[in-house]
Amino acid sequence: MSRTKSSLLLLLAAFIWGNAFVAQSVAMDSIGPWTFNFIRDLIAAIVLLPVVHYADKARKNRGEEKETWHQKDLLKGGILCGVILAVASMLQQTGIIYTTTAKAGFLTAMYCVLVPVLGIFLGKKTRPLIWGCVVLAAVGLYFLCMTSGSFTLQYGDILELLDAVCFAFHILVIDHFSPKVDGIRMSCIQFFVASVVCLIGTLVFESISFSAFASAAVPILYAGIFSSAGGYTLQIIGQKNADPAVASILLCLESVFATLAGFVFLHQTLSFREILGCVLMFIAIVIASLPEKQKSPGQA
């Protein structure tokens with residue numbers, strides 16, 4: 001696959017994820033967040049099952065060793081990722097009730113900046129440039145959440161920021177386990193685990209209503225099939241041949257698509273200060289996502 005095709009797949013993944021914020025917002029008019037995420041994750045897991053089968057078949061045809069379902073790291077990574085994903089998705093889904101899709105998209109995308117910062121506690125080195133990105137993102141957050149000249153973090157904004165922290169941990173966990181296991185299979189396990197966690201929350205805090213499910217069927221199916229299962233698969237396939245810097249920038253466009261989707265479908269508008277905040281945060285996210293330039297053998 002050419003790099004151009006890979007870039008188009010990543011662009012499509014970002015487009016799907018950005019529009020998912022609209023689907024998530026619309027679904028909240030008919031169904032609770034616990035129920036939404038339970039059904040969404042269950043659909044994603046079921047959709048990925050044939051993908052796992054196809055991947056195994058392709059691996060066998062290439063003569064590669066087949067990954068086993070009973071591998072310790074696979075189960076450990078899948079379960080841990082599933083629990084974190086459930087918490088992150090609940091924060092995101094609840095937060096989107098109280099804020100706009102634009103803010104939700106940009107605040108969630110803060111994980112790109114938080115990942116290298118949190119990596120310090122895991123012994124990973126953080127480039128000085130990242131600290132500049134953190135400052136730039138904080139300035140952008142100020143303009144994005146500023147109301148009448150004062151800094152005001154609404155309830156939904158706080159939930160989306162906590163969601164970004166969870167997604168940052170989610171990425172770090174994936175970074176730890178992905179070299180050891182099959183990524184698609186681990187994703188399938190994580191969606192099953194996340195659906196079970198959200199099912200428990202549904203039984204405790206909400207009640208399953210088939211009429212409500214029918215009303216929110218379209219956004220649920222979009223989120224489960226396209227956003228979760230489809231977006232993740234596109235990312236895996238696209239990043240195999242794409243330039244890392246280009247891949248990072250393309251995936252960051254998720255926040256831009258979320259803003260545009262909110263404007264087109266939900267008629268949500270942004271003030272000049274909020275647009276400036278989005279631009280500054282987007283710049284910080286893109287810079288933080290760019291891979292570090294490798295030193296040549298002759299450099300110290």
# chains A, B, ... in the order shown; residues from 1 in each chain; ligands from 1

call {"tool": "select_by_dssp", "arguments": {"residues": "stretch 50-213 of chain A", "states": "helix (DSSP H, G or I)", "output": "MDAnalysis selection string"}}
result
chainID A and resid 50:61 72:98 101:108 111:122 128:145 155:177 183:205 210:213

call {"tool": "closest_residue", "arguments": {"among": "A:Ile189, A:Thr202, A:Leu234, A:Trp131", "to": "A:Phe36", "atoms": "only C-alpha atoms"}}
result
A:Thr202

call {"tool": "select_by_dssp", "arguments": {"residues": "stretch 41-268 of chain A", "states": "strand (DSSP E)", "output": "MDAnalysis selection string"}}
result
chainID A and resid 146:147 150:151

call {"tool": "write_last_selection", "arguments": {"atoms": "N, CA, C and O atoms", "output": "PDB file, in the first residue's frame"}}
result
ATOM      1  N   MET A 146     -12.980  30.445  28.365  1.00  0.00           N
ATOM      2  CA  MET A 146     -13.144  31.764  28.971  1.00  0.00           C
ATOM      3  C   MET A 146     -14.533  32.314  28.668  1.00  0.00           C
ATOM      4  O   MET A 146     -14.987  32.311  27.531  1.00  0.00           O
ATOM      5  N   THR A 147     -15.213  32.779  29.695  1.00  0.00           N
ATOM      6  CA  THR A 147     -16.540  33.347  29.542  1.00  0.00           C
ATOM      7  C   THR A 147     -16.559  34.741  30.159  1.00  0.00           C
ATOM      8  O   THR A 147     -16.250  34.913  31.330  1.00  0.00           O
ATOM      9  N   SER A 150     -13.457  35.879  32.045  1.00  0.00           N
ATOM     10  CA  SER A 150     -12.971  35.100  33.178  1.00  0.00           C
ATOM     11  C   SER A 150     -12.852  33.636  32.779  1.00  0.00           C
ATOM     12  O   SER A 150     -13.580  33.153  31.915  1.00  0.00           O
ATOM     13  N   PHE A 151     -11.922  32.942  33.442  1.00  0.00           N
ATOM     14  CA  PHE A 151     -11.706  31.529  33.136  1.00  0.00           C
ATOM     15  C   PHE A 151     -12.771  30.700  33.836  1.00  0.00           C
ATOM     16  O   PHE A 151     -12.865  30.693  35.050  1.00  0.00           O
TER      17      PHE A 151
END

call {"tool": "residues_around", "arguments": {"residues": "A:Cys81", "least_positions_apart": "4", "cutoff": "12 Å", "atoms": "only C-alpha atoms", "output": "MDAnalysis selection string"}}
result
chainID A and resid 73:77 85:89 166:178 183 186:195 197

call {"tool": "residues_around", "arguments": {"residues": "A:Thr108", "least_positions_apart": "4", "cutoff": "7 Å", "atoms": "only C-alpha atoms", "output": "ChimeraX atom specification"}}
result
/A:104,160-161,163-164

call {"tool": "residues_around", "arguments": {"residues": "A:Met110", "least_positions_apart": "5", "cutoff": "10 Å", "atoms": "only C-alpha atoms", "output": "PyMOL selection string"}}
result
chain A and resi 105+115+134+137-138+141+160-161+163-165+167-168+252+255+281-282+284-285+288

call {"tool": "write_last_selection", "arguments": {"atoms": "all heavy atoms", "output": "compact mmCIF listing (two decimals), in the first residue's frame"}}
result
# COMPACT_ATOMS: atom_id res chain seq x y z
N GLY A 105 -14.36 17.70 21.45
CA GLY A 105 -13.35 17.21 20.52
C GLY A 105 -11.96 17.71 20.84
O GLY A 105 -10.99 16.95 20.86
N VAL A 115 0.16 12.50 26.99
CA VAL A 115 0.87 11.22 26.91
C VAL A 115 2.36 11.35 27.24
O VAL A 115 2.87 10.64 28.11
CB VAL A 115 0.68 10.57 25.52
CG1 VAL A 115 1.68 9.44 25.31
CG2 VAL A 115 -0.74 10.03 25.38
N VAL A 134 2.66 22.04 26.33
CA VAL A 134 1.76 22.06 27.48
C VAL A 134 1.32 23.49 27.79
O VAL A 134 0.15 23.77 28.04
CB VAL A 134 2.43 21.42 28.72
CG1 VAL A 134 1.57 21.62 29.96
CG2 VAL A 134 2.68 19.94 28.47
N ALA A 137 -0.99 24.70 25.04
CA ALA A 137 -2.31 24.08 25.18
C ALA A 137 -3.08 24.71 26.34
O ALA A 137 -4.30 24.89 26.26
CB ALA A 137 -2.16 22.58 25.41
N ALA A 138 -2.38 25.04 27.41
CA ALA A 138 -3.04 25.67 28.56
C ALA A 138 -3.58 27.05 28.18
O ALA A 138 -4.69 27.44 28.59
CB ALA A 138 -2.06 25.80 29.72
N LEU A 141 -6.60 26.44 26.15
CA LEU A 141 -7.70 26.05 27.03
C LEU A 141 -8.33 27.26 27.71
O LEU A 141 -9.55 27.33 27.89
CB LEU A 141 -7.18 25.07 28.08
CG LEU A 141 -8.19 24.55 29.11
CD1 LEU A 141 -9.30 23.78 28.41
CD2 LEU A 141 -7.49 23.68 30.14
N GLU A 160 -14.50 16.25 30.27
CA GLU A 160 -13.75 15.99 29.04
C GLU A 160 -12.24 16.03 29.28
O GLU A 160 -11.48 15.29 28.67
CB GLU A 160 -14.14 16.99 27.94
CG GLU A 160 -15.58 16.89 27.48
CD GLU A 160 -15.93 15.55 26.88
OE1 GLU A 160 -15.02 14.80 26.50
OE2 GLU A 160 -17.14 15.24 26.80
N LEU A 161 -11.80 16.90 30.19
CA LEU A 161 -10.37 16.94 30.53
C LEU A 161 -9.95 15.66 31.25
O LEU A 161 -8.88 15.10 30.99
CB LEU A 161 -10.08 18.17 31.41
CG LEU A 161 -9.91 19.50 30.67
CD1 LEU A 161 -9.73 20.63 31.68
CD2 LEU A 161 -8.71 19.45 29.72
N ASP A 163 -11.40 12.88 30.88
CA ASP A 163 -11.47 11.90 29.80
C ASP A 163 -10.14 11.87 29.03
O ASP A 163 -9.63 10.80 28.69
CB ASP A 163 -12.64 12.24 28.88
CG ASP A 163 -12.49 11.64 27.49
OD1 ASP A 163 -12.35 10.41 27.41
OD2 ASP A 163 -12.55 12.39 26.50
N ALA A 164 -9.57 13.05 28.77
CA ALA A 164 -8.29 13.13 28.06
C ALA A 164 -7.18 12.45 28.86
O ALA A 164 -6.31 11.78 28.30
CB ALA A 164 -7.93 14.59 27.79
N VAL A 165 -7.22 12.63 30.19
CA VAL A 165 -6.22 11.98 31.06
C VAL A 165 -6.35 10.46 30.95
O VAL A 165 -5.34 9.74 30.84
CB VAL A 165 -6.40 12.43 32.52
CG1 VAL A 165 -5.46 11.65 33.44
CG2 VAL A 165 -6.13 13.93 32.66
N PHE A 167 -7.62 8.72 28.46
CA PHE A 167 -7.18 8.27 27.14
C PHE A 167 -5.66 8.30 27.03
O PHE A 167 -5.06 7.50 26.30
CB PHE A 167 -7.81 9.12 26.04
CG PHE A 167 -9.15 8.60 25.58
CD1 PHE A 167 -10.28 9.38 25.67
CD2 PHE A 167 -9.26 7.32 25.06
CE1 PHE A 167 -11.51 8.91 25.25
CE2 PHE A 167 -10.49 6.83 24.64
CZ PHE A 167 -11.62 7.63 24.73
N ALA A 168 -5.03 9.23 27.74
CA ALA A 168 -3.56 9.27 27.76
C ALA A 168 -3.01 8.00 28.40
O ALA A 168 -2.07 7.37 27.89
CB ALA A 168 -3.08 10.51 28.51
N CYS A 252 -4.77 14.00 14.43
CA CYS A 252 -5.13 15.17 15.23
C CYS A 252 -6.29 15.94 14.61
O CYS A 252 -6.97 16.72 15.29
CB CYS A 252 -3.93 16.11 15.36
SG CYS A 252 -2.68 15.56 16.53
N SER A 255 -10.19 16.49 16.02
CA SER A 255 -10.78 17.61 16.75
C SER A 255 -11.35 18.66 15.80
O SER A 255 -12.39 19.28 16.09
CB SER A 255 -9.73 18.26 17.66
OG SER A 255 -8.58 18.63 16.93
N MET A 281 -4.70 25.15 20.78
CA MET A 281 -4.65 23.78 21.27
C MET A 281 -4.30 22.81 20.15
O MET A 281 -3.55 21.85 20.35
CB MET A 281 -5.99 23.41 21.92
CG MET A 281 -6.27 24.13 23.23
SD MET A 281 -7.86 23.65 23.94
CE MET A 281 -7.53 21.95 24.37
N PHE A 282 -4.84 23.06 18.96
CA PHE A 282 -4.56 22.19 17.83
C PHE A 282 -3.09 22.24 17.45
O PHE A 282 -2.47 21.22 17.17
CB PHE A 282 -5.43 22.59 16.63
CG PHE A 282 -5.21 21.73 15.42
CD1 PHE A 282 -5.56 20.39 15.43
CD2 PHE A 282 -4.65 22.26 14.26
CE1 PHE A 282 -5.36 19.59 14.31
CE2 PHE A 282 -4.45 21.47 13.15
CZ PHE A 282 -4.80 20.14 13.17
N ALA A 284 -0.62 22.94 19.49
CA ALA A 284 0.10 22.22 20.55
C ALA A 284 -0.01 20.72 20.37
O ALA A 284 0.96 19.97 20.53
CB ALA A 284 -0.45 22.63 21.91
N ILE A 285 -1.20 20.25 20.00
CA ILE A 285 -1.43 18.82 19.80
C ILE A 285 -0.59 18.29 18.65
O ILE A 285 0.04 17.23 18.74
CB ILE A 285 -2.93 18.56 19.55
CG1 ILE A 285 -3.72 18.82 20.84
CG2 ILE A 285 -3.16 17.13 19.07
CD1 ILE A 285 -5.22 18.88 20.62
N ALA A 288 3.14 18.23 19.60
CA ALA A 288 3.42 17.17 20.57
C ALA A 288 3.35 15.80 19.94
O ALA A 288 4.02 14.86 20.39
CB ALA A 288 2.41 17.25 21.73

call {"tool": "closest_residue", "arguments": {"among": "A:Asp56, A:Asp157, A:Asp41, A:Asp182", "to": "A:Thr101", "atoms": "only C-alpha atoms"}}
result
A:Asp157

call {"tool": "closest_residue", "arguments": {"among": "A:Ile130, A:Leu114, A:Ile96, A:Val83", "to": "A:Leu290", "atoms": "only C-alpha atoms"}}
result
A:Ile130

call {"tool": "closest_residue", "arguments": {"among": "A:Gly238, A:Gly82, A:Gly231, A:Pro33", "to": "A:Gly18", "atoms": "only C-alpha atoms"}}
result
A:Gly231

call {"tool": "atom_distance", "arguments": {"atom1": "atom CA of A:Leu8", "atom2": "atom CA of A:Ser25"}}
result
26.4 Å

call {"tool": "residues_around", "arguments": {"residues": "A:Ala20", "least_positions_apart": "6", "cutoff": "12 Å", "atoms": "only C-alpha atoms", "output": "VMD selection string"}}
result
chain A and resid 13 to 14 26 to 27 40 92 to 93 96 101 to 102 104 to 105 218 to 228 230 to 231 254 to 255 257 to 262 265

call {"tool": "residues_around", "arguments": {"residues": "A:Ile208", "least_positions_apart": "2", "cutoff": "12 Å", "atoms": "only C-alpha atoms", "output": "CSV table (one decimal) with N, CA, C and O atoms, in the first residue's frame"}}
result
chain,number,residue,atom,x,y,z
A,30,SER,N,-32.0,10.4,23.8
A,30,SER,CA,-32.9,9.2,23.9
A,30,SER,C,-32.4,8.1,24.8
A,30,SER,O,-33.3,7.4,25.3
A,31,ILE,N,-31.1,8.1,25.1
A,31,ILE,CA,-30.6,7.0,25.9
A,31,ILE,C,-29.5,7.5,26.9
A,31,ILE,O,-28.9,8.5,26.6
A,32,GLY,N,-29.4,6.7,28.0
A,32,GLY,CA,-28.4,7.1,29.0
A,32,GLY,C,-27.0,6.8,28.5
A,32,GLY,O,-26.7,5.9,27.7
A,33,PRO,N,-26.0,7.4,29.1
A,33,PRO,CA,-24.6,7.2,28.7
A,33,PRO,C,-24.1,5.8,29.0
A,33,PRO,O,-23.3,5.2,28.2
A,34,TRP,N,-24.5,5.2,30.1
A,34,TRP,CA,-24.0,3.8,30.4
A,34,TRP,C,-24.6,2.8,29.4
A,34,TRP,O,-23.8,2.0,28.9
A,35,THR,N,-25.8,3.0,29.1
A,35,THR,CA,-26.5,2.1,28.1
A,35,THR,C,-25.8,2.3,26.7
A,35,THR,O,-25.6,1.3,26.0
A,36,PHE,N,-25.6,3.5,26.3
A,36,PHE,CA,-25.0,3.8,25.0
A,36,PHE,C,-23.7,3.2,24.9
A,36,PHE,O,-23.4,2.5,23.9
A,38,PHE,N,-22.4,0.7,26.6
A,38,PHE,CA,-22.5,-0.8,26.7
A,38,PHE,C,-22.8,-1.3,25.3
A,38,PHE,O,-22.1,-2.3,24.9
A,39,ILE,N,-23.8,-0.8,24.7
A,39,ILE,CA,-24.2,-1.3,23.4
A,39,ILE,C,-23.1,-1.0,22.3
A,39,ILE,O,-22.8,-1.8,21.5
A,198,CYS,N,-19.7,-1.4,31.4
A,198,CYS,CA,-20.8,-0.4,31.2
A,198,CYS,C,-22.1,-1.1,31.4
A,198,CYS,O,-23.1,-0.4,31.7
A,199,LEU,N,-22.2,-2.4,31.2
A,199,LEU,CA,-23.4,-3.1,31.4
A,199,LEU,C,-23.7,-3.1,32.9
A,199,LEU,O,-24.9,-2.9,33.3
A,200,ILE,N,-22.7,-3.3,33.7
A,200,ILE,CA,-22.9,-3.2,35.2
A,200,ILE,C,-23.4,-1.8,35.6
A,200,ILE,O,-24.3,-1.7,36.4
A,201,GLY,N,-22.8,-0.8,35.0
A,201,GLY,CA,-23.3,0.6,35.3
A,201,GLY,C,-24.7,0.8,34.8
A,201,GLY,O,-25.5,1.5,35.5
A,202,THR,N,-25.1,0.2,33.7
A,202,THR,CA,-26.4,0.3,33.2
A,202,THR,C,-27.4,-0.3,34.1
A,202,THR,O,-28.5,0.3,34.4
A,203,LEU,N,-27.1,-1.5,34.7
A,203,LEU,CA,-28.0,-2.2,35.6
A,203,LEU,C,-28.1,-1.5,36.9
A,203,LEU,O,-29.2,-1.5,37.5
A,204,VAL,N,-27.1,-0.7,37.3
A,204,VAL,CA,-27.1,0.0,38.6
A,204,VAL,C,-27.8,1.3,38.5
A,204,VAL,O,-28.6,1.7,39.3
A,205,PHE,N,-27.4,2.1,37.4
A,205,PHE,CA,-27.8,3.5,37.3
A,205,PHE,C,-28.9,3.8,36.3
A,205,PHE,O,-29.6,4.8,36.4
A,206,GLU,N,-29.1,2.9,35.4
A,206,GLU,CA,-30.1,3.1,34.3
A,206,GLU,C,-30.9,1.9,34.1
A,206,GLU,O,-30.7,0.8,34.7
A,210,PHE,N,-36.0,-0.7,25.2
A,210,PHE,CA,-35.9,-1.0,23.8
A,210,PHE,C,-36.4,0.1,22.9
A,210,PHE,O,-35.9,0.3,21.8
A,211,SER,N,-37.4,0.9,23.5
A,211,SER,CA,-37.9,2.0,22.7
A,211,SER,C,-36.8,3.1,22.6
A,211,SER,O,-36.7,3.7,21.6
A,212,ALA,N,-36.1,3.3,23.7
A,212,ALA,CA,-35.0,4.3,23.7
A,212,ALA,C,-33.9,3.9,22.8
A,212,ALA,O,-33.3,4.7,22.1
A,213,PHE,N,-33.6,2.5,22.8
A,213,PHE,CA,-32.6,2.0,21.9
A,213,PHE,C,-32.9,2.2,20.5
A,213,PHE,O,-32.1,2.6,19.6
A,214,ALA,N,-34.2,2.0,20.2
A,214,ALA,CA,-34.7,2.2,18.8
A,214,ALA,C,-34.5,3.6,18.3
A,214,ALA,O,-34.2,3.9,17.2

call {"tool": "closest_residue", "arguments": {"among": "A:Leu270, A:Ala229, A:Val279, A:Leu251", "to": "A:Ile46", "atoms": "only C-alpha atoms"}}
result
A:Ala229

call {"tool": "closest_residue", "arguments": {"among": "A:Lys72, A:Arg62, A:Lys5, A:Lys103", "to": "A:Val256", "atoms": "only C-alpha atoms"}}
result
A:Lys103
